[in-house]
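Peer 1: The structure follows.
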4 protein chains.
Amino acid sequence: MQAIGRTVWAIPEGYIPSKGVSSEHALISHETACLLNTGVKEAKVELTIYFADREPVGPYRITVPPQRTLHLRFNDLSDPAPVPKDTDYASVFVSDEPIVVQHTRLDSRMAEIAIMSTVAYSQG
Amino acid sequence: MQAIGRTVWAIPEGYIPSKGVSSEHALISHETACLLNTGVKEAKVELTIYFADREPVGPYRITVPPQRTLHLRFNDLSDPAPVPKDTDYASVFVSDEPIVVQHTRLDSRMAEIAIMSTVAYSQG
Amino acid sequence: MQAIGRTVWAIPEGYIPSKGVSSEHALISHETACLLNTGVKEAKVELTIYFADREPVGPYRITVPPQRTLHLRFNDLSDPAPVPKDTDYASVFVSDEPIVVQHTRLDSRMAEIAIMSTVAYSQG
Amino acid sequence: MQAIGRTVWAIPEGYIPSKGVSSEHALISHETACLLNTGVKEAKVELTIYFADREPVGPYRITVPPQRTLHLRFNDLSDPAPVPKDTDYASVFVSDEPIVVQHTRLDSRMAEIAIMSTVAYSQG
């Protein structure tokens, strides 16, 4: 299988609600970037987080092994800094190998969950 | 970082329900265009709103600072005119710099929220 | 403004639940194709509906006036035939002018609504 | 009608919750890939499932008849192996004819359903 995808990906929407009715890990309000590396080489990815009113933070360094998917929760990022809750942000992924990126949010601020997803914007 | 994105973006879906069970700002039914400017220059964006049965309204003038994201609520637009509720509309963004645009709706007409999102259509 | 978009659009997902808890028009389970014509000429669109196990049905003929959006409910189609409920389908739009198409479903089978949306696949 | 689409499609997001409040087939938590073949030839599709921490599984062999849509539930896959529940996965479709692919999840872990959808990433 040829490597599928592109090397630059952007997700303008980002917002992690601090509230949630569930303490179950899978049902806590979260945003995820799903990364897929179909190639035979490890993909080294640099993630930058953009904000409305402050300097970007990053790079966060992520490795996707060959022929693997990595579903990265923005909630779990810590180095160089956690992603603040209840705050508008956006994200850009730059990879040294072609990858594919899809964005999802699970929102459990209310008693019932809501979900959304989109393939991210790509170029490169 | 190179500037990422394109200069023309379209979102055919637009509909802001007037009803909502919550008075909390984050949970009022709303539609958002999330704009990301990764470049080093300010992006000057002109937004036009299209309707089913009347002339387009605009331009709304929006500025996205360099290396910032702007999550624009259609509910908050006022100049040259507010976006009417319970009305089908569509939107087009034309920027002088490359940007990336993602569309979301949070719908709280019922007791529980529902959400949806998609990267907008781009060219240019 | 130049005309934005492309002339061929496809939406593989289609499914209109027959059930719904609401009799309010806006909250009946429905699927919508949102069409945007930013050009100065009327767009004449031919829609074909594809099924899993029978011949395609169409064309449905749709007109989008210049500089207008049309949010077309699949539930409302009748000529040459209504779209059956609880049935997998897909749709293709072919336009004589560039347009942009976005797909949404509002699902009210349960007490609370759920929504989803994506820009359709385009070429041409 | 010309055949519409591309031959390589990727969906980085994959996760089938094992929980669900409904035993009704349409409302069990599931993920679907909606495939559309507008051409006049049968499309032979090979599907590979990628994981976070193990080798990919596949190919699953799928046939989409000419001028038909196939809404494939990942829950229903069995040969060469079922897709595990509560497990991050991703999927790639390679077709010998142009097709269009859209991804959806219906999530019924809670009392009310949530849905999401996106056109998949394509090339080729």
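In the structure tokens, each chain is lettered A, B, ... as it comes, each chain's residues begin at 1, and ligands are numbered from 1 in order of appearance.
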For a quick test of understanding: name the residues of chain C lying within 8 Å of chain D when counting only C-alpha atoms, and present them as a list of chain:residue names.
Peer 2: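 Those within range of chain D come out as C:Ala10, C:Ile11, C:Pro12, C:Glu13, C:Tyr50, C:Phe51, C:Ala52, C:Asp53, C:Arg54, C:Glu55, C:Pro56, C:Asp88, C:Tyr89, C:Ala90, C:Met110, C:Ala111, C:Glu112, C:Ile113, C:Ala114, C:Ile115, C:Met116, C:Ser117, C:Thr118, C:Val119, C:Ala120, C:Tyr121, C:Gln123.
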Peer 1: As a PyMOL selection string, please: all residues of chain B that backbone DSSP puts in helix (DSSP H, G or I).
Peer 2: chain B and resi 25-27+74-76
Peer 1: Keeping C-alpha atoms for every residue in the selection just given, could you write it to a file as a JSON list (two decimals), in the first residue's frame?
Peer 2:
```json
[["chain", "number", "residue", "atom", "x", "y", "z"],
["B", 25, "HIS", "CA", -24.12, 31.89, 26.41],
["B", 26, "ALA", "CA", -22.20, 28.78, 25.39],
["B", 27, "LEU", "CA", -25.39, 26.73, 25.11],
["B", 74, "PHE", "CA", -23.24, 34.30, 13.16],
["B", 75, "ASN", "CA", -25.60, 35.21, 16.01],
["B", 76, "ASP", "CA", -23.29, 38.09, 16.91]]
```
Peer 1: For a test of reading the model, state the distance in Å between CA of Tyr15 (chain C) and CA of Leu47 (chain C), rounded to one decimal.
Peer 2: 16.1 Å
Peer 1: For Arg73 (chain A), which residue out of A:Val92, A:Val45, A:Val21, A:Ile16 is the nearest one, using only C-alpha atoms?
Peer 2: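 Of A:Val92, A:Val45, A:Val21, A:Ile16, the one nearest Arg73 (chain A), counting only C-alpha atoms, is A:Ile16.
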